[in-house]
Structure formats: C-alpha cells, structure tokens
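In what follows, a structure is listed as structure tokens, so that the remarks can point back to it.
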Amino acid sequence: MRLNNIKFLLPVFALFLMSCPDEPAPLQTEKEIIKEISREWTCQVDEEGVPLNFNATISADSNNDTKILVYNFHKIGNSEKLSAIIKTDLTIEIPKQTINNQEFIGSGEISNDYTQITWEYTIVFSGGTVDCSGTYTFGTTS
C-alpha cells in the first residue's frame, strides 16, 4: 500500500518541480548583457536628498564590446553620454570621466532579470562633491 502511494506521489512531485518558474540565468558574456540592457530606462536618483526623475538610454559602445554609453546619465542632457564598463558578474564600473565640467566616478549593479540597475556614484565639480544613488527601471516615464 505504501509503495503505491510513493509511486503516485513521485510523478506528482516531479511535475511540481518542473512547473516552478526559475530565475532568469545571468547572461554569460559582456556583449550579451549589453544587448539585454540596451534600451530606454526610467531613472530615479537621490543627489544628497534632492530627487531627480528622468529617462536615460543605454546603448552598446561600437568601439568596445565591454562598454556601454549612457545618454542623459544624471540628467546631463540627451546628447551627452557617460561611458561605463560591463562585467560578467552583472556589475558596472564608471571610470573617472569629465562631462560638462563635472567629473563622474562610481559603480552599478544589474538585476538578474535585467529590469533594474542600481547606481552609486560621485560627482566632483568646481563647487565641491556630491554623492548620488539611483535606480534605473526598465520602461519610460509618462
């Protein structure tokens, strides 16, 4: 009797396991990750207590398979772009660079489902330094 119950429950349990959704697996190469995140993003940034809401666009850097270009990063303008390096562990490095007389440096992390990027970065300008944190979410603002 018990053996019959086990024989019945084993296939039911197997079906249950197969029906559970898995987290999307991280992509393997920088190029694959860049392809997945190249799109328009809704952005919310905290600049030491001052909220900024805007859209930014990420695209591949055609000169380097491990770099992205972020247009309108920190609301600096749609024609201005920040360069960043993608790593296979879903982290992003913002190397020191100057845009509009402001120096940017920092890092980011991409979510496993590629729908969110969190950023931590510093802006240095003639009046001082500002620490920022922000979240980019897949989609656009209304």
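Note on naming: chains are A, B, ... as they come in the structure tokens, residues start from 1 per chain, ligands start from 1 in the order shown.
Neighbours of A:Trp41 closer than or equal to 12 Å, with only C-alpha atoms counted and sequence neighbours fewer than 6 positions away skipped, come out as Asn53, Phe54, Asn55, Ala56, Thr57, Ile58, Ser59, Val70, Tyr71, Asn72, Phe73, Tyr114, Thr115, Gln116, Ile117, Thr118, Gly134, Thr135, Tyr136, Thr137, Phe138, Gly139, Thr140, Thr141 and Ser142 of chain A.
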What separates atom CA of A:Asn101 and atom CA of A:Thr129 is a distance of 12.6 Å
Which residues are near A:Asp131? Cut-off 10 Å, only C-alpha atoms, ignore same chain within fewer than 6 positions. Put them as a PyMOL selection string. chain A and resi 46-49+105-106+120-124
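When only C-alpha atoms are used to measure the gap to A:Gln102, the shortest distance among A:Glu80, A:Ile34, A:Thr88, A:Phe125 belongs to A:Phe125.
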Please identify all polymer residues within 10 Å of A:Gln97, counting only C-alpha atoms, omitting same-chain residues fewer than 6 positions from it, and present them as a PyMOL selection string. chain A and resi 82-84+103-105+123
Using only C-alpha atoms: which of A:Asn78, A:Ser126, A:Thr29, A:Ser111 has the shortest distance to A:Thr66: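 Going through A:Asn78, A:Ser126, A:Thr29, A:Ser111 one by one, the smallest distance to A:Thr66 is for A:Thr29.
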